[in-house]
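Accompanying notes for the structure given below.
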Amino acid sequence: MRHLSSQALFRLSLAGAAACVASAAHAAAPIEACDAASFLTVVHAAPAQYDARAVWLNAGLIKWPGADAAGTFKLYHSPTAAISAVKGAKVSGAAGALKLAEFKDTVPAGVSKRFKYVGQGPVLAVAQKDMAELHRQQLVLVQEAADGTVIAATRIQSAGALDELYAPAAQVHDLGATAGKRRTSFKLWAPTARDVSVCTFDSGSARASGIEQMKRDAKTGVWTASKPADMSGKYYKYAVDVVVDGMGVVRNLVTDPYSVSLTTDSKRSYIANLAAPSLKPKGWDSHKIQATVQAQTDMTIYELHVRDFSINDDTVSAANRGKYAAFGEAGSNGMKHLTALARAGMTDVHLLPVYDIGSVPEQGCAQPKPTGAPDSDTQQELVQKTAETDCFNWGYDPYHYSAPEGSFASDPADGARRIIEFRDMVMNLHRTGLRVGMDVVYNHTFASGQKEKSVLDRIVPGYYHRLNATGGVEQSTCCDNTATENLMMGKLMVDSAELWTREYKIDSFRFDLMGHQPRSVMEQLQKRVDRAAGRHVQLIGEGWNFGEVADGARFVQASQLSLNGSGIGTFSDRARDHVRGGSAGDSGDKMLKLQGYINGLVYDPNAATEKRPVTDLMHSADMVRAGLAGSVRSYPLTTYKGEKKALQDIDYGGQPAGYASQPGEAVNYVENHDNHTLYDINAFKLPVATTSYDRARVQMLGAAINAFSQGVAYYHAGIDTLRSKSLDRNSFNSGDWFNRIDWSYQDNYFGTGMPRAEDNGKDYALLKPLLANAALKPSPADIAHARDVFRDLLAIRASSTLFRLRSADDIKQRLRFFNTGPQQEPTVIAAHIDGEGYAGANFKGVSYFLNVDKVAHTVTVGEARGKTLRIHPAHKSDKRVAEATYDSASGTFSIPPRTAVVFVE
C-alpha cells in the first residue's frame, strides 16, 4: 500500500468499509472496526480539497500570506467535513462561520520569531471561546466579496494553535501503553480527533478481544482508557476518527507512536512493562559497561549495520545470521574482529538504524543470490527486482521510533523477542569492551498523510510534519520531514531518546541530518538522556545546513556553525573532502579528475586529471591540518600563503575552516555508510597502474589522518578490510550482495558486478572498465596488511590523550605543525604535540608524520634537535615504518613513501 494517492486511498476505503462504518460521526467504534480489512474507513466524505496557505500563529491569530485585505474574512467549520468553498460561489455545507477582524496590534515577539519564515499577508484575529472544539472540525478560511461569494479559500496550518492550546501535554510522561500488576492504561495525544477507541488483541494475529472508548482530557488533548488487568504480552491499535483534507472524516486503525514493540511488519503495537524480568536477559539489571570514555574526544567509533555484520559470516549459526543474536556468538569471525578492535582501542560501535523501520519485510523477505562477471549488470538487475521485498535496507525509514526493528529478531511475530534480543546484543557488545551507539533518524518518517505506513499524520493530521507554503510536507531530507520545532514532535524525539537510554543502556547517539533539528530541542534532549543514564551520553550528528531550515530560516539549527559551544558533535567535511578529493556528490569525470590529498593530487596525476598548480596541493594540506587540529575556531595555522590565521578566518567554500568551539564538537571521518567507500573512491582517483599493495597503503593513510585528528574519530565498518561496494555510490537498497563484509579477510568484494543502475547507471561507462580490471582487486595479503596497520593506529590513538586533547586551549598550547607556509614540502604533514604535565599523555611528546607521496621525503624540524625520539612501540605491522629515521643532531626526519609514522619521547 505504499505511496498511494489520497484519491486511491479514498476509493480503497469506500470499497472495503461497509463493516466498519459507524452509524454517526461521533459514535464509538464497534469491535468489528478493530478487525477491518482496510486500515482506514471514510465516515463522511469531503466534497473538496484545499491547500493550507494560512498559518495559525497561536490560538487566536491567523496569518494568510499573499492575501490582500479586500473583502470579508470568515472561518467556516464543519464536524462532518462538508464545506464547499468554490471561487465565485457562496460557501455551502458548513455548520457555522466566524467573522474575522484584521489584527492591528503587534504580534507577540515569541510568535513572530517562530513564524518569521511565513510570508507577508493579513493577520486575522479569531474571537472564539471554545477553540479546542473548533480544531476538531474541518476549518476553511474564506475571503468573501461583498455579495458573499468566495474570492479565495484555504485551510490553516495548525501547529501554532495546538501548541498553545495543549501546552500542558508536554508534561504528560506516560503516553502509550502502561502495564501494571492490576491495571493497564492507554494514553494517546490526539487533540483534533472526533473520537478515539483502543482495540486490544490477545496475540499478533488473533481477532480483537475488546474495544474501549477513550476519554478526552480537554486540557492536554490526551485520550485515556484503562483495563483492570495486567495486559502485558497482548497487542493493541487505536481507532481514531479525524478530519482529513480531501477525504472527510475518516476512521484510522493505527498503531501507537509510543509503541515499545510490535508484531510482524508493525501491524499491531505490543503491550509491555519494560521493567518486567521476563523481558530482561540474565544479568541485565546489574549490567554496566566499564567506563572507556572519559571525554567525548576519547570516542573512536566503528559504524556497523546489524545485518551486514553477520549475514555473510558462515562461522555464525545459520539462524542467527543478520540478527541481533549474532553478537552473542563470541567465537564467530565477526565477534573476534570486534573484540580485536576493542583491544586495540576502538571504544564504540554505532549501529545503523535499529528502531522499527518501514522498508524491510520482517518475515518472508527475498534473498537473491546473484552471479556474474565483475563488470556484469546481471547482479544489480536481480537485486533491483527484489529491492522493495528483500531483507536489506540501511533503515533510514522510521516507522516507530521507540521500538526495536523486527527483521533483526529471531521471531518478529513475538513482541517480546526483539526487546530481549536487543538488550542481549547490547550486553554482548559491552562485554567486548565496546560501547553501543544508535543511529537515529528523527528528522523524517517513512510515510505521511493517509498512507498505510503513516502513523503520526493519521492521528493528528498536519501537525507532526514540517509544511511548505501550501501545506505540503517538506521533503528536503529525501523523505517526509518532521517538525521537531512543534511541541509534541520535539517531545516525541526527546522521549524516544530517553527511553533508549534508560531501557536499553545506549551509550551515545548519532543523529541523521541533525541540522534539521532545533538546537534548543537537542539541548533539552541532552539533559534528559544524561539524567536517564546517570552520566553523560554523547550526542553527535550530521550538522549539514540545507533545505527549508537552512541558515536559521525557521529556528536556530543543530548544525555545524550554530551548535558552536553546545558540546554536541557534528561531522566535519573540512578534511574529508580534501583527503578523498572532490565532494560526496560528485559523478562522471569529476570522480576521476578531482584527486585528493592521499590519492595523487598534483604529485601523482591519473590519466584524466588536468594539470593542477602545486598551490592546490598546499591548500589541501592546510585543510587536512585544519581537520587534524579538530576544526576548532581559534586554532592558529600558518597557511600555504604564509599568513597566520585562526581557522575560523580561513575560507572553506564560503564557510570558516574552523567551526567548533571545542574538539569534542568535531567528528572526523573519511568514509561512512553514505557515498563510495574509501577503497572505491581511490579506484577512481589513483592512477590505474597503482599496485594493490599501494592501494592498501593509501587506505591506511586516510585512516591515520583520522587517528591523529583531534576530536572524535569515526570509521565505517570494513575500512580496515579495504571494503568495497563494487563502486556503488548509494547502497541503501542494494541488498546483501553489494553490502557484504568478509571477516575471513579473503575478499573485499570489489568487482562483484555493476552497482544498481538506479543510482549509478549514468556512470556505467566509467565504472565498467574499472570493475573489469582484476589488478584493482586486493589480495588477502593486502587486506591483512590494512587490518593489522589499522589496529596499530587504534593502539597509537589509545596510547595517549595527546591524540585526544580535551579542549581548544589544549590544542592551541600543545599542537604545532611544521613544514608549513609557501616553502613546504606539500606531500608531508609534520606535527608535534607537547605532553609535558598533561594527564594521560604517557609521553613527553609525540611527533607524527604523514607522507602521501610515492617517494620518501626528509623534513627538518628545528625544535626536534637534541631530543631522544623513538618510533612508537605500537607500530608493529607496517615494515616500511621501520625505515623512518630521525637525526637528533639536525632534527631531520626521513619518512618513507605512503607512510604514517609516530615518534615518541
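By convention in this document, the chains of the C-alpha cells carry letters A, B, ... by their order, each chain's residues are numbered from 1, and ligands are numbered from 1 in the order they are shown.
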Excluding same-chain residues fewer than 3 positions from Pro281 (chain A), what lies within 9 Å of it counting only C-alpha atoms, as a PyMOL selection string? chain A and resi 277-278+284-285+420-421+423-424+427
From a DSSP pass on the backbone, collect the residues of region 433-648 of chain A flagged as helix (DSSP H, G or I) and hand them back as a ChimeraX atom specification. /A:456-458,487-504,514-516,519-533,547-552,574-580,590-593,614-628,647-648
Output as a Markdown table one row per residue of region 676-751 of chain A within 12 Å of region 880-897 of chain A: the closest atom pair and its distance in Å to one decimal place, counting only C-alpha atoms, sorted by chain and residue number ascending.
| residue | atom | partner | partner_atom | distance |
| --- | --- | --- | --- | --- |
| A:Asp694 | CA | A:Pro897 | CA | 9.7 |
| A:Arg697 | CA | A:Pro897 | CA | 9.4 |
| A:Val698 | CA | A:Pro897 | CA | 10.1 |
| A:Leu701 | CA | A:Pro897 | CA | 10.7 |
Spatial neighbours of Gln595 (chain A), 9 Å, only C-alpha atoms, chain gap at least 6 places, as a list in words: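 Here the answer would be His578, Val579, Arg580, Gly581, Gly582, Leu601, Val602, Pro605, Asn606, Thr609, Asn682, Phe684, Lys685 and Leu686 of chain A.
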Could the residues in this selection be saved with C-alpha atoms as a tab-separated table (two decimals), in the first residue's frame?
chain	number	residue	atom	x	y	z
A	578	HIS	CA	40.38	17.20	0.72
A	579	VAL	CA	41.60	13.77	1.84
A	580	ARG	CA	39.32	11.98	-0.63
A	581	GLY	CA	39.19	14.58	-3.39
A	582	GLY	CA	36.10	16.37	-4.69
A	601	LEU	CA	46.56	15.49	-6.23
A	602	VAL	CA	49.38	17.16	-8.26
A	605	PRO	CA	48.07	12.61	-11.54
A	606	ASN	CA	45.91	9.99	-13.20
A	609	THR	CA	43.43	14.75	-14.46
A	682	ASN	CA	40.51	5.57	-4.65
A	684	PHE	CA	38.54	6.23	-9.44
A	685	LYS	CA	41.27	8.64	-8.40
A	686	LEU	CA	44.52	6.73	-8.10
Atomic distance CA of Tyr270 (chain A) - CA of Pro353 (chain A), expressed in Å with one decimal: 20.1 Å
As a PyMOL selection string, list the residues of region 127-233 of chain A assigned to strand (DSSP E or B) by DSSP on the backbone atoms of this structure. chain A and resi 138-144+149-154+156-157+176-179+184-189+195-201+208-213+215-216+222-227
Surrounding residues of Arg740 (chain A) excluding itself and chain neighbours under 2 positions, 7 Å, only C-alpha atoms, as a short mmCIF file (atom, residue, chain, number, x, y, z; two decimals) with N, CA and C atoms, in the first residue's frame:
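Generated file (part_39.cif):
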data_model
loop_
_atom_site.label_atom_id
_atom_site.label_comp_id
_atom_site.auth_asym_id
_atom_site.auth_seq_id
_atom_site.Cartn_x
_atom_site.Cartn_y
_atom_site.Cartn_z
N ASP A 308 24.62 -6.49 7.96
CA ASP A 308 25.94 -6.62 7.33
C ASP A 308 26.91 -7.41 8.20
N ASN A 312 26.95 -12.56 6.10
CA ASN A 312 27.92 -13.19 5.20
C ASN A 312 28.97 -14.01 5.97
N ASP A 736 22.03 -7.48 0.25
CA ASP A 736 23.22 -8.03 0.90
C ASP A 736 24.41 -8.09 -0.05
N TRP A 737 24.14 -8.30 -1.34
CA TRP A 737 25.21 -8.56 -2.30
C TRP A 737 26.22 -7.42 -2.36
N PHE A 738 25.75 -6.19 -2.44
CA PHE A 738 26.66 -5.05 -2.57
C PHE A 738 27.08 -4.47 -1.22
N ASP A 742 33.67 -9.34 4.57
CA ASP A 742 34.28 -10.66 4.74
C ASP A 742 35.21 -10.64 5.94
#
Report as a ChimeraX atom specification all protein, DNA and RNA residues lying within 9 Å of Gly449 (chain A), evaluated on only C-alpha atoms, omitting residues in the same chain fewer than 6 positions from it. /A:6,244,455-458,461-462,473
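Proximity to Ser744 (chain A) was assessed for A:Ile783, A:Val529, A:Val614, A:Val667 counting only C-alpha atoms; the smallest distance is recorded for A:Ile783.
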With a distance cut-off of 9 Å and only C-alpha atoms, select the neighbouring residues of region 533-539 of chain A, excluding the residue or stretch itself and same-chain residues fewer than 5 positions from it, and output the selection as a PyMOL selection string. chain A and resi 296+437+498+501-502+505-511+522+526-528+567-570
Kindly export the residues of the current selection with N, CA and C atoms, as a PDB file, in the first residue's frame.
ATOM      1  N   GLN A 296      34.475  13.282  25.414  1.00  0.00           N
ATOM      2  CA  GLN A 296      33.933  12.985  24.090  1.00  0.00           C
ATOM      3  C   GLN A 296      35.036  12.695  23.079  1.00  0.00           C
ATOM      4  N   GLY A 437      26.269   2.716  20.369  1.00  0.00           N
ATOM      5  CA  GLY A 437      25.581   3.931  19.935  1.00  0.00           C
ATOM      6  C   GLY A 437      24.511   3.587  18.919  1.00  0.00           C
ATOM      7  N   GLU A 498      15.270   9.228  25.364  1.00  0.00           N
ATOM      8  CA  GLU A 498      15.353   8.910  26.791  1.00  0.00           C
ATOM      9  C   GLU A 498      15.029   7.436  27.033  1.00  0.00           C
ATOM     10  N   THR A 501      17.910   5.219  26.101  1.00  0.00           N
ATOM     11  CA  THR A 501      18.991   5.353  27.081  1.00  0.00           C
ATOM     12  C   THR A 501      18.675   4.579  28.351  1.00  0.00           C
ATOM     13  N   ARG A 502      17.471   4.755  28.846  1.00  0.00           N
ATOM     14  CA  ARG A 502      17.084   4.149  30.122  1.00  0.00           C
ATOM     15  C   ARG A 502      16.860   2.652  30.001  1.00  0.00           C
ATOM     16  N   LYS A 505      20.208   0.910  27.718  1.00  0.00           N
ATOM     17  CA  LYS A 505      21.576   1.255  28.119  1.00  0.00           C
ATOM     18  C   LYS A 505      22.433   1.701  26.935  1.00  0.00           C
ATOM     19  N   ILE A 506      21.793   2.474  26.040  1.00  0.00           N
ATOM     20  CA  ILE A 506      22.511   3.036  24.898  1.00  0.00           C
ATOM     21  C   ILE A 506      23.479   4.105  25.404  1.00  0.00           C
ATOM     22  N   ASP A 507      24.685   4.086  24.877  1.00  0.00           N
ATOM     23  CA  ASP A 507      25.751   4.948  25.377  1.00  0.00           C
ATOM     24  C   ASP A 507      25.875   6.271  24.635  1.00  0.00           C
ATOM     25  N   SER A 508      25.475   6.299  23.379  1.00  0.00           N
ATOM     26  CA  SER A 508      25.599   7.523  22.585  1.00  0.00           C
ATOM     27  C   SER A 508      24.634   7.469  21.416  1.00  0.00           C
ATOM     28  N   PHE A 509      24.431   8.608  20.779  1.00  0.00           N
ATOM     29  CA  PHE A 509      23.519   8.693  19.643  1.00  0.00           C
ATOM     30  C   PHE A 509      24.183   9.435  18.499  1.00  0.00           C
ATOM     31  N   ARG A 510      23.890   8.975  17.300  1.00  0.00           N
ATOM     32  CA  ARG A 510      24.317   9.653  16.074  1.00  0.00           C
ATOM     33  C   ARG A 510      23.053  10.078  15.336  1.00  0.00           C
ATOM     34  N   PHE A 511      22.839  11.390  15.184  1.00  0.00           N
ATOM     35  CA  PHE A 511      21.600  11.921  14.627  1.00  0.00           C
ATOM     36  C   PHE A 511      21.741  12.159  13.127  1.00  0.00           C
ATOM     37  N   MET A 522      17.632  19.815  20.916  1.00  0.00           N
ATOM     38  CA  MET A 522      18.773  18.921  21.113  1.00  0.00           C
ATOM     39  C   MET A 522      19.386  19.121  22.497  1.00  0.00           C
ATOM     40  N   GLN A 526      19.698  16.388  25.401  1.00  0.00           N
ATOM     41  CA  GLN A 526      20.953  16.077  26.091  1.00  0.00           C
ATOM     42  C   GLN A 526      20.732  15.968  27.596  1.00  0.00           C
ATOM     43  N   LYS A 527      19.997  16.890  28.172  1.00  0.00           N
ATOM     44  CA  LYS A 527      19.738  16.869  29.613  1.00  0.00           C
ATOM     45  C   LYS A 527      18.942  15.632  30.011  1.00  0.00           C
ATOM     46  N   ARG A 528      17.958  15.286  29.187  1.00  0.00           N
ATOM     47  CA  ARG A 528      17.095  14.157  29.539  1.00  0.00           C
ATOM     48  C   ARG A 528      17.835  12.822  29.458  1.00  0.00           C
ATOM     49  N   GLY A 567      28.678  21.497  22.877  1.00  0.00           N
ATOM     50  CA  GLY A 567      29.246  20.210  23.255  1.00  0.00           C
ATOM     51  C   GLY A 567      28.753  19.056  22.411  1.00  0.00           C
ATOM     52  N   ILE A 568      27.785  19.309  21.542  1.00  0.00           N
ATOM     53  CA  ILE A 568      27.264  18.280  20.640  1.00  0.00           C
ATOM     54  C   ILE A 568      28.143  18.235  19.393  1.00  0.00           C
ATOM     55  N   GLY A 569      28.540  17.043  18.979  1.00  0.00           N
ATOM     56  CA  GLY A 569      29.480  16.915  17.872  1.00  0.00           C
ATOM     57  C   GLY A 569      28.806  16.836  16.521  1.00  0.00           C
ATOM     58  N   THR A 570      29.477  17.385  15.505  1.00  0.00           N
ATOM     59  CA  THR A 570      28.984  17.273  14.135  1.00  0.00           C
ATOM     60  C   THR A 570      30.095  16.753  13.235  1.00  0.00           C
TER      61      THR A 570
END
Between A:Phe849, A:Tyr714, A:Phe732, A:Phe843, which has the minimum distance to Val904 (chain A) (counting only C-alpha atoms)?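 Distance minimum relative to Val904 (chain A) lands on A:Phe843.
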Under the rule of at most 9 Å, produce a per-residue listing of region 589-663 of chain A near region 553-561 of chain A: chain, number, name, the closest pair of atoms, and the distance in Å, as a tab-separated table, using only C-alpha atoms.
residue	atom	partner	partner_atom	distance
A:Gln655	CA	A:Leu561	CA	8.8
A:Pro656	CA	A:Leu561	CA	8.7
A:Tyr659	CA	A:Leu561	CA	5.7
A:Ala660	CA	A:Leu561	CA	7.4
To one decimal in Å, tell me the separation between CA of Ser209 (chain A) and CA of Gln363 (chain A). 24.8 Å
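Within 6 Å of region 213-216 of chain A there are Val196, Ser197, Val222, Trp223, Thr224 and Ala225 of chain A, counting only C-alpha atoms and ignoring same-chain residues fewer than 3 positions away.
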Output for the residues just chosen: C-alpha atoms as an mmCIF file, in the first residue's frame:
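Printed below is selection-v5.cif as written:
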data_model
loop_
_atom_site.group_PDB
_atom_site.id
_atom_site.type_symbol
_atom_site.label_atom_id
_atom_site.label_comp_id
_atom_site.auth_asym_id
_atom_site.auth_seq_id
_atom_site.Cartn_x
_atom_site.Cartn_y
_atom_site.Cartn_z
ATOM 1 C CA VAL A 196 -10.825 7.548 19.806
ATOM 2 C CA SER A 197 -11.126 3.895 20.877
ATOM 3 C CA VAL A 222 -4.778 13.287 25.596
ATOM 4 C CA TRP A 223 -7.270 10.433 25.276
ATOM 5 C CA THR A 224 -7.199 7.818 28.038
ATOM 6 C CA ALA A 225 -8.597 4.351 28.663
#
What gap, in Å, lies between CA of Asp747 (chain A) and CA of His676 (chain A)?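 CA of Asp747 (chain A) sits 17.5 Å away from CA of His676 (chain A).
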From A:His305, A:Arg870, A:Arg343, A:His430, residue lying nearest Lys288 (chain A) [only C-alpha atoms]: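 For Lys288 (chain A), the nearest of the candidates is A:His430.
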